[in-house]
Amino acid sequence: MLDRDQIAAASRVLVQHWREGSKLDALEPRLRPQSRTDGYAIQAALETQSLGNLFGWKIAATSVSGQQHINVTGPLAGRIMSNTVIADGGTAAMKGNEMRVGEPEFAFRFGRDLPPRAVPYSVDEVLAAVESFHPAIEIPDSRFADFVRAGEAQLIADNACAHLFVLGAATGANWRAMDLVEERPQITLRGERYIGHGKNVLGDPRAALAWLANELSGLDITLRAGQVVTTGTCHPPLPIAAGDHMAVDFGVLGKVSVGFA
C-alpha cells in the first residue's frame, strides 16, 4: 500500500500531465498503485489539486465494449470536476486527446445525500434519492500513452479516464415509469446514425447507478445532493475528430449535442 507522500507525489505527476495535455508511459514503480484502494487514494488527491469543484461522478467500463476499450474486467468510478463540464451544444477541444471517442450516456442528478453505510443500497433506495434524469455525452481520455496496458489500478488513479463531459437539460418526461433497459438513443455523427441500448450499461443504467453509490459508500464517501452521476456509454465508444458534431436523441427523455475543435 502506498503511503501519504507517495499518493501525493503520484497525483502531482498525473495532474501535471493533465494540465499540459501530455502523456506518460506509467507512474514510476515506487508511485505506482498496486490495488484499487491505492488507485482511489491517488484519485482523491487529484480532487484537491483541481481547478474546479466536484461536479459529480462517472462510471467507466459499464459495458463489455467499454471494458475491452481500456482492458479491464469491471466498472471503475471517477470524479467529474466542474471545470471539465461543457454546456449542451458547446464545443470540446480535441487538443491532447488521444482516446478520441464520444460516449452517449444516461445521467442522474441527486436530490439528497446517500452517506456511507455497512448495508449496500438497493436500486430502489438509490433511485428514490434521484432528483432528475439527463441525457449526456462523455469524452474520455487518459494521461497514459498506452491506456490499454495501464491496468485497473493506474486507470482508477487516472480518474477512470475522466476528461470532458456534456450534460443535457433535465427531462420533463416521467423517466421513472420507463424501462431504461430498452431505451435506444439515436446518435448522429458525421452523417451516420447509430443506435444505443440501455442494456449496454451494466445491464441496466439504474443498476449502474446503484453500483456507483455502493462503490462510494465502500470508500467512505457520501454521494451528495446536487451531484450528477453519468452511468457509462450505451453504445460502443464512437471515434471522433476535430470538426465533428455528435448529437444524441433520447426521444421523450431529451437531446444533447457537442462539437469538436
# chains A, B, ... in the order shown; residues from 1 in each chain; ligands from 1
call {"tool": "closest_atom_pairs", "arguments": {"of": "region 152-240 of chain A", "to": "region 100-106 of chain A", "cutoff": "12 Å", "atoms": "only C-alpha atoms", "output": "tab-separated table"}}
result
residue	atom	partner	partner_atom	distance
A:Cys161	CA	A:Val101	CA	11.5
A:Ala162	CA	A:Glu103	CA	11.8
A:His163	CA	A:Arg100	CA	10.6
A:Leu164	CA	A:Gly102	CA	9.8
A:Phe165	CA	A:Glu103	CA	9.6
A:Val166	CA	A:Pro104	CA	9.6
A:Leu167	CA	A:Glu105	CA	9.4
A:Gly168	CA	A:Phe106	CA	10.0
A:Ala169	CA	A:Phe106	CA	11.9
A:Ala170	CA	A:Phe106	CA	11.1
A:Thr171	CA	A:Phe106	CA	11.2
A:Trp175	CA	A:Phe106	CA	11.0
A:Leu180	CA	A:Phe106	CA	8.9
A:Val181	CA	A:Phe106	CA	10.7
A:Glu183	CA	A:Phe106	CA	9.9
A:Arg184	CA	A:Pro104	CA	10.6
A:Pro185	CA	A:Pro104	CA	8.0
A:Gln186	CA	A:Pro104	CA	9.1
A:Ile187	CA	A:Pro104	CA	7.6
A:Thr188	CA	A:Pro104	CA	10.5
A:Leu189	CA	A:Gly102	CA	9.7
A:Tyr194	CA	A:Pro104	CA	10.5
A:Ile195	CA	A:Pro104	CA	10.0
A:Gly196	CA	A:Pro104	CA	7.6
A:His197	CA	A:Pro104	CA	9.9
A:Gly198	CA	A:Phe106	CA	8.2
A:Lys199	CA	A:Phe106	CA	11.2
A:Asn200	CA	A:Glu105	CA	10.3
A:Val201	CA	A:Glu105	CA	8.5
A:Leu202	CA	A:Phe106	CA	11.8
A:Asp204	CA	A:Phe106	CA	10.2
A:Pro205	CA	A:Phe106	CA	6.8
A:Arg206	CA	A:Phe106	CA	9.2
A:Ala207	CA	A:Phe106	CA	11.7
A:Ala208	CA	A:Phe106	CA	10.0
A:Leu209	CA	A:Phe106	CA	9.6
A:Val228	CA	A:Phe106	CA	10.5
A:Val229	CA	A:Phe106	CA	8.6
A:Thr230	CA	A:Phe106	CA	5.9
A:Thr231	CA	A:Phe106	CA	5.8
A:Gly232	CA	A:Glu105	CA	5.6
A:Thr233	CA	A:Glu105	CA	4.9
A:Cys234	CA	A:Glu105	CA	5.9
A:His235	CA	A:Pro104	CA	6.7
A:Pro236	CA	A:Glu103	CA	7.5
A:Pro237	CA	A:Glu103	CA	5.4
A:Leu238	CA	A:Val101	CA	5.0
A:Pro239	CA	A:Val101	CA	4.4
A:Ile240	CA	A:Val101	CA	5.2
call {"tool": "write_last_selection", "arguments": {"atoms": "N, CA and C atoms", "output": "compact mmCIF listing (two decimals), in the first residue's frame"}}
result
# COMPACT_ATOMS: atom_id res chain seq x y z
N CYS A 161 -10.26 7.67 -16.44
CA CYS A 161 -10.26 8.24 -17.79
C CYS A 161 -11.23 9.42 -17.96
N ALA A 162 -11.53 10.11 -16.86
CA ALA A 162 -12.38 11.31 -16.97
C ALA A 162 -11.63 12.39 -17.74
N HIS A 163 -12.37 13.11 -18.59
CA HIS A 163 -11.74 14.19 -19.36
C HIS A 163 -12.74 15.34 -19.52
N LEU A 164 -13.72 15.19 -20.42
CA LEU A 164 -14.73 16.24 -20.63
C LEU A 164 -16.12 15.62 -20.57
N PHE A 165 -17.11 16.44 -20.22
CA PHE A 165 -18.46 15.92 -20.00
C PHE A 165 -19.48 16.96 -20.43
N VAL A 166 -20.54 16.50 -21.11
CA VAL A 166 -21.62 17.38 -21.57
C VAL A 166 -22.93 16.90 -20.95
N LEU A 167 -23.62 17.80 -20.26
CA LEU A 167 -24.88 17.45 -19.59
C LEU A 167 -26.04 18.15 -20.27
N GLY A 168 -27.02 17.35 -20.72
CA GLY A 168 -28.22 17.91 -21.30
C GLY A 168 -29.20 18.37 -20.23
N ALA A 169 -30.27 19.02 -20.67
CA ALA A 169 -31.28 19.52 -19.74
C ALA A 169 -32.02 18.37 -19.07
N ALA A 170 -32.51 18.62 -17.87
CA ALA A 170 -33.32 17.62 -17.17
C ALA A 170 -34.57 17.32 -17.99
N THR A 171 -34.92 16.04 -18.08
CA THR A 171 -36.10 15.67 -18.84
C THR A 171 -37.38 16.05 -18.10
N TRP A 175 -39.48 9.60 -16.45
CA TRP A 175 -38.47 8.58 -16.70
C TRP A 175 -38.57 7.41 -15.73
N LEU A 180 -35.72 1.78 -18.79
CA LEU A 180 -34.48 2.34 -19.33
C LEU A 180 -33.60 1.27 -19.98
N VAL A 181 -33.79 0.02 -19.61
CA VAL A 181 -33.03 -1.07 -20.23
C VAL A 181 -33.26 -1.10 -21.74
N GLU A 183 -34.39 1.48 -23.60
CA GLU A 183 -34.25 2.76 -24.29
C GLU A 183 -33.12 2.67 -25.33
N ARG A 184 -33.37 3.23 -26.50
CA ARG A 184 -32.42 3.13 -27.62
C ARG A 184 -32.12 4.52 -28.19
N PRO A 185 -31.26 5.28 -27.54
CA PRO A 185 -30.91 6.61 -28.03
C PRO A 185 -30.32 6.55 -29.45
N GLN A 186 -30.66 7.55 -30.26
CA GLN A 186 -30.12 7.64 -31.61
C GLN A 186 -28.98 8.64 -31.63
N ILE A 187 -27.83 8.20 -32.11
CA ILE A 187 -26.63 9.04 -32.16
C ILE A 187 -26.35 9.40 -33.61
N THR A 188 -26.14 10.69 -33.86
CA THR A 188 -25.78 11.15 -35.21
C THR A 188 -24.37 11.71 -35.17
N LEU A 189 -23.52 11.20 -36.06
CA LEU A 189 -22.12 11.60 -36.12
C LEU A 189 -21.62 11.46 -37.55
N TYR A 194 -26.33 5.92 -35.42
CA TYR A 194 -26.06 4.75 -34.60
C TYR A 194 -27.14 4.64 -33.53
N ILE A 195 -27.38 3.43 -33.06
CA ILE A 195 -28.41 3.20 -32.06
C ILE A 195 -27.79 2.63 -30.79
N GLY A 196 -27.95 3.36 -29.68
CA GLY A 196 -27.50 2.86 -28.39
C GLY A 196 -28.55 1.95 -27.78
N HIS A 197 -28.22 1.39 -26.62
CA HIS A 197 -29.16 0.48 -25.96
C HIS A 197 -28.91 0.54 -24.45
N GLY A 198 -29.97 0.79 -23.69
CA GLY A 198 -29.82 0.90 -22.25
C GLY A 198 -29.22 -0.33 -21.59
N LYS A 199 -29.46 -1.49 -22.17
CA LYS A 199 -28.95 -2.72 -21.55
C LYS A 199 -27.43 -2.81 -21.61
N ASN A 200 -26.80 -1.99 -22.46
CA ASN A 200 -25.33 -1.99 -22.54
C ASN A 200 -24.69 -1.38 -21.29
N VAL A 201 -25.49 -0.69 -20.48
CA VAL A 201 -24.96 0.00 -19.30
C VAL A 201 -25.11 -0.92 -18.08
N LEU A 202 -24.20 -1.86 -17.94
CA LEU A 202 -24.19 -2.81 -16.83
C LEU A 202 -25.50 -3.58 -16.74
N ASP A 204 -28.41 -2.46 -16.99
CA ASP A 204 -29.49 -1.53 -16.66
C ASP A 204 -28.84 -0.27 -16.09
N PRO A 205 -29.09 0.92 -16.68
CA PRO A 205 -28.48 2.15 -16.13
C PRO A 205 -28.78 2.36 -14.66
N ARG A 206 -29.93 1.90 -14.20
CA ARG A 206 -30.29 2.05 -12.79
C ARG A 206 -29.42 1.17 -11.90
N ALA A 207 -29.07 -0.01 -12.40
CA ALA A 207 -28.17 -0.89 -11.66
C ALA A 207 -26.77 -0.28 -11.59
N ALA A 208 -26.35 0.37 -12.69
CA ALA A 208 -25.05 1.04 -12.70
C ALA A 208 -25.03 2.18 -11.68
N LEU A 209 -26.13 2.90 -11.59
CA LEU A 209 -26.23 3.99 -10.63
C LEU A 209 -26.09 3.47 -9.20
N VAL A 228 -24.05 15.01 -10.02
CA VAL A 228 -24.52 14.26 -11.19
C VAL A 228 -23.71 12.98 -11.31
N VAL A 229 -24.39 11.90 -11.65
CA VAL A 229 -23.70 10.64 -11.95
C VAL A 229 -24.03 10.26 -13.38
N THR A 230 -23.00 10.05 -14.20
CA THR A 230 -23.20 9.55 -15.55
C THR A 230 -22.77 8.09 -15.56
N THR A 231 -23.63 7.23 -16.14
CA THR A 231 -23.54 5.81 -15.84
C THR A 231 -22.77 4.95 -16.84
N GLY A 232 -22.17 5.55 -17.85
CA GLY A 232 -21.38 4.76 -18.79
C GLY A 232 -22.05 4.68 -20.15
N THR A 233 -21.28 4.43 -21.16
CA THR A 233 -21.78 4.51 -22.53
C THR A 233 -22.79 3.42 -22.86
N CYS A 234 -23.83 3.82 -23.61
CA CYS A 234 -24.84 2.87 -24.03
C CYS A 234 -24.59 2.38 -25.46
N HIS A 235 -23.46 2.80 -26.04
CA HIS A 235 -23.06 2.37 -27.38
C HIS A 235 -21.55 2.21 -27.38
N PRO A 236 -20.99 1.26 -28.12
CA PRO A 236 -19.53 1.19 -28.19
C PRO A 236 -18.93 2.56 -28.48
N PRO A 237 -17.82 2.93 -27.80
CA PRO A 237 -17.23 4.26 -27.98
C PRO A 237 -17.06 4.60 -29.47
N LEU A 238 -17.52 5.81 -29.85
CA LEU A 238 -17.51 6.21 -31.25
C LEU A 238 -16.33 7.14 -31.54
N PRO A 239 -15.49 6.81 -32.53
CA PRO A 239 -14.34 7.67 -32.87
C PRO A 239 -14.78 9.07 -33.27
N ILE A 240 -14.06 10.07 -32.78
CA ILE A 240 -14.36 11.47 -33.09
C ILE A 240 -13.09 12.18 -33.52
call {"tool": "select_by_dssp", "arguments": {"residues": "region 118-226 of chain A", "states": "strand (DSSP E)", "output": "list in words"}}
result
Val130, Glu131, Ser132, Phe133, His134, Pro135, Ala136, Ile137, Glu138, Ile139, Leu164, Phe165, Val166, Leu167, Gln186, Ile187, Thr188, Leu189, Glu192, Arg193, Tyr194 and Ile195 of chain A
call {"tool": "closest_residue", "arguments": {"among": "A:Ala118, A:Ala107, A:Leu127, A:Ala153", "to": "Phe250 (chain A)", "atoms": "only C-alpha atoms"}}
result
A:Ala107
call {"tool": "select_by_dssp", "arguments": {"residues": "region 100-149 of chain A", "states": "alpha helix (DSSP H)", "output": "VMD selection string"}}
result
chain A and resid 123 to 128 147 to 149
call {"tool": "atom_distance", "arguments": {"atom1": "CA of Phe260 (chain A)", "atom2": "CA of Gly21 (chain A)"}}
result
16.2 Å
call {"tool": "atom_distance", "arguments": {"atom1": "CA of Arg109 (chain A)", "atom2": "CA of His134 (chain A)"}}
result
7.7 Å
call {"tool": "closest_atom_pairs", "arguments": {"of": "region 31-68 of chain A", "to": "region 12-15 of chain A", "cutoff": "12 Å", "atoms": "only C-alpha atoms", "output": "tab-separated table"}}
result
residue	atom	partner	partner_atom	distance
A:Leu31	CA	A:Val13	CA	9.5
A:Arg32	CA	A:Val13	CA	11.0
A:Gly39	CA	A:Leu14	CA	11.9
A:Ile42	CA	A:Arg12	CA	9.2
A:Gln43	CA	A:Leu14	CA	9.4
A:Ala44	CA	A:Arg12	CA	11.7
A:Ala45	CA	A:Arg12	CA	8.5
A:Leu46	CA	A:Val15	CA	6.7
A:Glu47	CA	A:Val15	CA	9.6
A:Thr48	CA	A:Arg12	CA	10.3
A:Gln49	CA	A:Val15	CA	7.4
A:Ser50	CA	A:Val15	CA	7.9
A:Leu51	CA	A:Val15	CA	10.3
call {"tool": "residues_around", "arguments": {"residues": "Arg224 (chain A)", "least_positions_apart": "6", "cutoff": "9 Å", "atoms": "only C-alpha atoms", "output": "ChimeraX atom specification"}}
result
/A:56,110-115
call {"tool": "residues_around", "arguments": {"residues": "Val148 (chain A)", "least_positions_apart": "4", "cutoff": "10 Å", "atoms": "only C-alpha atoms", "output": "mmCIF file with all heavy atoms, in the first residue's frame"}}
result
data_model
loop_
_atom_site.group_PDB
_atom_site.id
_atom_site.type_symbol
_atom_site.label_atom_id
_atom_site.label_comp_id
_atom_site.auth_asym_id
_atom_site.auth_seq_id
_atom_site.Cartn_x
_atom_site.Cartn_y
_atom_site.Cartn_z
ATOM 1 N N GLN A 67 -15.223 -2.053 -21.410
ATOM 2 C CA GLN A 67 -14.195 -2.799 -20.685
ATOM 3 C C GLN A 67 -13.077 -3.234 -21.625
ATOM 4 O O GLN A 67 -11.895 -3.149 -21.286
ATOM 5 C CB GLN A 67 -14.832 -4.005 -19.993
ATOM 6 C CG GLN A 67 -15.752 -3.626 -18.842
ATOM 7 C CD GLN A 67 -16.654 -4.755 -18.384
ATOM 8 O OE1 GLN A 67 -16.461 -5.910 -18.755
ATOM 9 N NE2 GLN A 67 -17.658 -4.412 -17.584
ATOM 10 N N GLN A 68 -13.462 -3.670 -22.806
ATOM 11 C CA GLN A 68 -12.456 -4.075 -23.795
ATOM 12 C C GLN A 68 -11.629 -2.878 -24.265
ATOM 13 O O GLN A 68 -10.432 -3.015 -24.532
ATOM 14 C CB GLN A 68 -13.143 -4.746 -24.985
ATOM 15 C CG GLN A 68 -13.776 -6.090 -24.646
ATOM 16 C CD GLN A 68 -14.602 -6.648 -25.794
ATOM 17 O OE1 GLN A 68 -14.980 -5.935 -26.728
ATOM 18 N NE2 GLN A 68 -14.892 -7.943 -25.734
ATOM 19 N N HIS A 69 -12.280 -1.702 -24.319
ATOM 20 C CA HIS A 69 -11.609 -0.494 -24.810
ATOM 21 C C HIS A 69 -10.426 -0.117 -23.922
ATOM 22 O O HIS A 69 -9.397 0.361 -24.419
ATOM 23 C CB HIS A 69 -12.616 0.659 -24.867
ATOM 24 C CG HIS A 69 -12.117 1.889 -25.545
ATOM 25 N ND1 HIS A 69 -11.668 1.896 -26.847
ATOM 26 C CD2 HIS A 69 -11.991 3.168 -25.103
ATOM 27 C CE1 HIS A 69 -11.292 3.113 -27.180
ATOM 28 N NE2 HIS A 69 -11.472 3.905 -26.137
ATOM 29 N N ILE A 70 -10.560 -0.341 -22.591
ATOM 30 C CA ILE A 70 -9.466 0.016 -21.685
ATOM 31 C C ILE A 70 -8.887 -1.204 -20.969
ATOM 32 O O ILE A 70 -8.090 -1.080 -20.047
ATOM 33 C CB ILE A 70 -9.900 1.082 -20.656
ATOM 34 C CG1 ILE A 70 -11.104 0.615 -19.841
ATOM 35 C CG2 ILE A 70 -10.202 2.403 -21.365
ATOM 36 C CD1 ILE A 70 -11.504 1.591 -18.727
ATOM 37 N N ASN A 71 -9.312 -2.410 -21.407
ATOM 38 C CA ASN A 71 -8.726 -3.665 -20.937
ATOM 39 C C ASN A 71 -8.877 -3.852 -19.419
ATOM 40 O O ASN A 71 -7.906 -4.106 -18.705
ATOM 41 C CB ASN A 71 -7.247 -3.752 -21.339
ATOM 42 C CG ASN A 71 -6.721 -5.180 -21.268
ATOM 43 O OD1 ASN A 71 -7.481 -6.135 -21.420
ATOM 44 N ND2 ASN A 71 -5.427 -5.327 -21.031
ATOM 45 N N VAL A 72 -10.113 -3.728 -18.934
ATOM 46 C CA VAL A 72 -10.421 -4.030 -17.533
ATOM 47 C C VAL A 72 -11.590 -5.010 -17.508
ATOM 48 O O VAL A 72 -12.244 -5.251 -18.522
ATOM 49 C CB VAL A 72 -10.773 -2.758 -16.727
ATOM 50 C CG1 VAL A 72 -9.590 -1.816 -16.671
ATOM 51 C CG2 VAL A 72 -11.997 -2.054 -17.319
ATOM 52 N N SER A 142 -7.112 9.539 -21.318
ATOM 53 C CA SER A 142 -6.213 9.048 -20.275
ATOM 54 C C SER A 142 -4.908 9.817 -20.312
ATOM 55 O O SER A 142 -4.492 10.306 -21.360
ATOM 56 C CB SER A 142 -5.923 7.554 -20.484
ATOM 57 O OG SER A 142 -4.963 7.089 -19.561
ATOM 58 N N PHE A 144 -2.277 8.262 -19.642
ATOM 59 C CA PHE A 144 -1.319 7.236 -20.038
ATOM 60 C C PHE A 144 -1.308 7.062 -21.548
ATOM 61 O O PHE A 144 -2.361 6.924 -22.182
ATOM 62 C CB PHE A 144 -1.644 5.898 -19.361
ATOM 63 C CG PHE A 144 -1.488 5.944 -17.869
ATOM 64 C CD1 PHE A 144 -2.587 5.944 -17.038
ATOM 65 C CD2 PHE A 144 -0.225 6.019 -17.296
ATOM 66 C CE1 PHE A 144 -2.450 6.019 -15.661
ATOM 67 C CE2 PHE A 144 -0.069 6.091 -15.922
ATOM 68 C CZ PHE A 144 -1.178 6.085 -15.102
ATOM 69 N N GLU A 152 -5.946 -1.690 -14.242
ATOM 70 C CA GLU A 152 -7.067 -1.166 -13.469
ATOM 71 C C GLU A 152 -6.655 -0.142 -12.423
ATOM 72 O O GLU A 152 -7.240 0.938 -12.325
ATOM 73 C CB GLU A 152 -7.786 -2.340 -12.795
ATOM 74 C CG GLU A 152 -8.974 -1.976 -11.949
ATOM 75 C CD GLU A 152 -9.594 -3.203 -11.312
ATOM 76 O OE1 GLU A 152 -9.073 -3.669 -10.277
ATOM 77 O OE2 GLU A 152 -10.594 -3.701 -11.849
ATOM 78 N N LEU A 155 -5.542 3.151 -13.945
ATOM 79 C CA LEU A 155 -6.653 3.860 -14.582
ATOM 80 C C LEU A 155 -7.577 4.488 -13.546
ATOM 81 O O LEU A 155 -8.114 5.577 -13.771
ATOM 82 C CB LEU A 155 -7.437 2.911 -15.491
ATOM 83 C CG LEU A 155 -6.709 2.484 -16.769
ATOM 84 C CD1 LEU A 155 -7.553 1.486 -17.547
ATOM 85 C CD2 LEU A 155 -6.366 3.686 -17.635
#
call {"tool": "closest_residue", "arguments": {"among": "A:Leu219, A:Ile59, A:Met1, A:Val119", "to": "Gly74 (chain A)", "atoms": "only C-alpha atoms"}}
result
A:Ile59
call {"tool": "residues_around", "arguments": {"residues": "Pro75 (chain A)", "least_positions_apart": "5", "cutoff": "6 Å", "atoms": "only C-alpha atoms", "output": "JSON, numbers by chain"}}
result
{"A": [60, 61, 62]}
call {"tool": "closest_residue", "arguments": {"among": "A:Ser217, A:Arg143, A:Asp244, A:Ala210", "to": "Val123 (chain A)", "atoms": "only C-alpha atoms"}}
result
A:Ala210
call {"tool": "residues_around", "arguments": {"residues": "Gly52 (chain A)", "least_positions_apart": "6", "cutoff": "6 Å", "atoms": "only C-alpha atoms", "output": "ChimeraX atom specification"}}
result
/A:81-83
call {"tool": "atom_distance", "arguments": {"atom1": "CA of Gly151 (chain A)", "atom2": "CA of Arg4 (chain A)"}}
result
21.6 Å
